[in-house]
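J.: If you scroll down you'll find the structure; I have some questions about it.
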Amino acid sequence: MPNDLRQTMTSGEGEVVWHADFGPAMPKQNWIPAPRFLLRRDRIRRHLRDVAPCRVIDIGCGPASILSELAVRGFDAVGVDRSIDALGLARNLISAERPVTLEPKLRPEWKESFDLLLSFEVIEHLEDDVGAMRDWAAYLRPGGRLLLSTPAHPDRWNAADEWAGHVRRYERDGLIRAVTDAGFTVETVECYGFPLANVMEVLRARAYGKVLERKRRTAASAEALTSESGSDRSVESRYWSILSSKPVVLLMKAMCQLQRPFLRTDLGNGYLALARKD
């Protein structure tokens, strides 16, 4: 990571901004690390900070921001995403210093070859979440670990969920049951994001409600919405100059600290679960 606040470079077909605190961003291509992403990223980095470099796969990797940061640390990183747009963004982050293998689907020869499996904001899109996670387990070595995130609390369903193509949100017990039924032993579940993500969710729901209406007028399918949800941050990208400013950087650091006392509560709006393959 650069020592100055940000470093801009051209990689692949797009401009990538490497922010010293927020990681990669591509504001000209409508993808930036939004506040909720940054709150989640803080927790992901803390769970993985003591993990030695190993073979890792991210299912539903989107622009592969997390993977690219792990690749810098020496992880053998593989990303899978069915969205062509997301993979296009991800390719902008690949370099000799950040080698990441990208594929549109899982390959049979990868079975039992990974030590760590990541999947962030994916299972809420899947009708058969348990079946999908059971299939993913086949790609982990015995004792391999799963780290995943998903939106929390069905009673907070809003327009942003519809825009993203979600089919559900989870309560803690339901998430634990789904991960356990898929053949994993749950080690910990955190509820992250409180209080900032709760406020941002209200604002985001309003903004994406308007976006959703436009999509509906163009008859966009649920599958198309799901495909766009991981790679389209067009609403947030308008405010990148503000989000990346020093005052907001300091605010985000404070919010990442502030969420920590509440991780064992259910006050946040997202769950992060760590589990081990049985």
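Quick note on naming: the chains in the structure tokens go A, B, ... in the order shown, residues restart at 1 in each chain, and ligands are numbered from 1 in order of appearance.
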DSSP on the backbone, helix (DSSP H, G or I) only: what residues of region 62-263 of chain A does that give? Format it as a PyMOL selection string.
T.: chain A and resi 65-72+84-91+108-110+123-125+129-137+154-156+159-164+172-181+196-217+222-229+234-237+240-243+246-258+260-262
J.: Find the spatial neighbours of Phe262 (chain A), counting only C-alpha atoms, within a cut-off of 9 Å - ignore same-chain residues fewer than 2 positions away - and output them as a count of residues only.
T.: 14
J.: Tell me, which residues of region 27-270 of chain A carry DSSP strand (DSSP E or B), written as a VMD selection string?
T.: chain A and resid 31 55 to 59 76 to 80 100 to 103 114 to 120 140 to 152 170 184 to 192 270
J.: State, in Å with one decimal place, the distance from CA of Gln257 (chain A) to CA of Tyr271 (chain A).
T.: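 It comes out at 16.8 Å.
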J.: Residues at most 12 Å from region 42-48 of chain A, counting only C-alpha atoms, excluding those fewer than 5 positions away in the same chain, as JSON, numbers by chain?
T.: {"A": [21, 22, 23, 33, 35, 36, 37, 53, 54, 56, 65, 66, 67, 69, 70, 73, 75, 116, 117, 118, 119, 120, 145, 146, 147, 148, 149, 187, 188, 189, 190, 191, 192, 193, 252, 253, 254, 255, 256, 257, 258, 259, 260, 263, 270, 271, 272, 273, 274, 275]}
J.: Residues at most 10 Å from region 200-203 of chain A, counting only C-alpha atoms, excluding those fewer than 4 positions away in the same chain, as a ChimeraX atom specification?
T.: /A:34-36,156,158-160,193,195-196,207-209,269
J.: Next, the residues of the selection above should be written as a CSV table (one decimal), in the first residue's frame with C-alpha atoms.
T.:
chain,number,residue,atom,x,y,z
A,34,ALA,CA,-18.5,2.3,0.1
A,35,PRO,CA,-18.8,2.8,3.9
A,36,ARG,CA,-20.5,-0.5,4.6
A,156,ARG,CA,-34.9,-4.5,7.4
A,158,ASN,CA,-35.7,-2.5,1.5
A,159,ALA,CA,-35.3,-1.3,-2.0
A,160,ALA,CA,-31.5,-1.8,-2.0
A,193,GLY,CA,-21.8,-2.1,11.0
A,195,PRO,CA,-24.1,2.4,14.0
A,196,LEU,CA,-22.8,3.9,10.7
A,207,ALA,CA,-31.2,6.2,-3.5
A,208,TYR,CA,-31.4,2.7,-4.9
A,209,GLY,CA,-35.2,2.9,-4.8
A,269,ASN,CA,-27.0,-4.8,9.6
J.: Find the residues around region 236-251 of chain A up to 6 Å (only C-alpha atoms counted), leave out those fewer than 3 positions away in its own chain, and share them as a PyMOL selection string.
T.: chain A and resi 27+30+32+233+254
J.: Kindly export the residues of the current selection with N, CA and C atoms, as a PDB file, in the first residue's frame.
T.:
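And here is the file that came out, part_3.pdb:
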ATOM      1  N   PRO A  27     -13.330   4.852  -9.328  1.00  0.00           N
ATOM      2  CA  PRO A  27     -14.473   5.765  -9.389  1.00  0.00           C
ATOM      3  C   PRO A  27     -14.938   6.074 -10.800  1.00  0.00           C
ATOM      4  N   ASN A  30     -17.371   3.462 -11.771  1.00  0.00           N
ATOM      5  CA  ASN A  30     -18.510   3.301 -10.857  1.00  0.00           C
ATOM      6  C   ASN A  30     -18.329   2.192  -9.828  1.00  0.00           C
ATOM      7  N   ILE A  32     -16.403   1.931  -6.024  1.00  0.00           N
ATOM      8  CA  ILE A  32     -15.559   2.433  -4.938  1.00  0.00           C
ATOM      9  C   ILE A  32     -15.864   1.613  -3.682  1.00  0.00           C
ATOM     10  N   ARG A 233     -21.321   0.659  -8.200  1.00  0.00           N
ATOM     11  CA  ARG A 233     -21.438   1.575  -7.067  1.00  0.00           C
ATOM     12  C   ARG A 233     -21.653   2.991  -7.600  1.00  0.00           C
ATOM     13  N   ALA A 254     -12.705   5.931  12.835  1.00  0.00           N
ATOM     14  CA  ALA A 254     -13.421   5.982  14.112  1.00  0.00           C
ATOM     15  C   ALA A 254     -14.618   5.038  14.096  1.00  0.00           C
TER      16      ALA A 254
END
J.: Any idea what the distance is between CA of Ser95 (chain A) and CA of Val122 (chain A)?
T.: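 If I compute the distance from CA of Ser95 (chain A) to CA of Val122 (chain A), I get 25.9 Å.
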J.: Which residue is closest to Leu93 (chain A)? Choose from A:Asp128, A:Asp115, A:Asp76, A:Glu15 and count only C-alpha atoms.
T.: A:Glu15
J.: Find, counting only C-alpha atoms, the residue in A:Gly79, A:Gly174, A:Pro63, A:Gly183 that gets nearest to Ala137 (chain A).
T.: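 Closest candidate: A:Gly183.
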J.: From the list A:Asn198, A:Ser113, A:Ser83, A:Ser68, which residue is nearest Ala96 (chain A) when using only C-alpha atoms?
T.: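 Answer, going by the shortest atom-to-atom distance: A:Ser68.
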J.: Find, counting only C-alpha atoms, the residue in A:Val72, A:Leu140, A:Ala152, A:Leu126 that gets nearest to Arg169 (chain A).
T.: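 When distances to Arg169 (chain A) are compared using only C-alpha atoms, the smallest one comes from A:Ala152.
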J.: Hey, can you check how far CA of Arg98 (chain A) sits from CA of Ala71 (chain A)?
T.: 5.0 Å
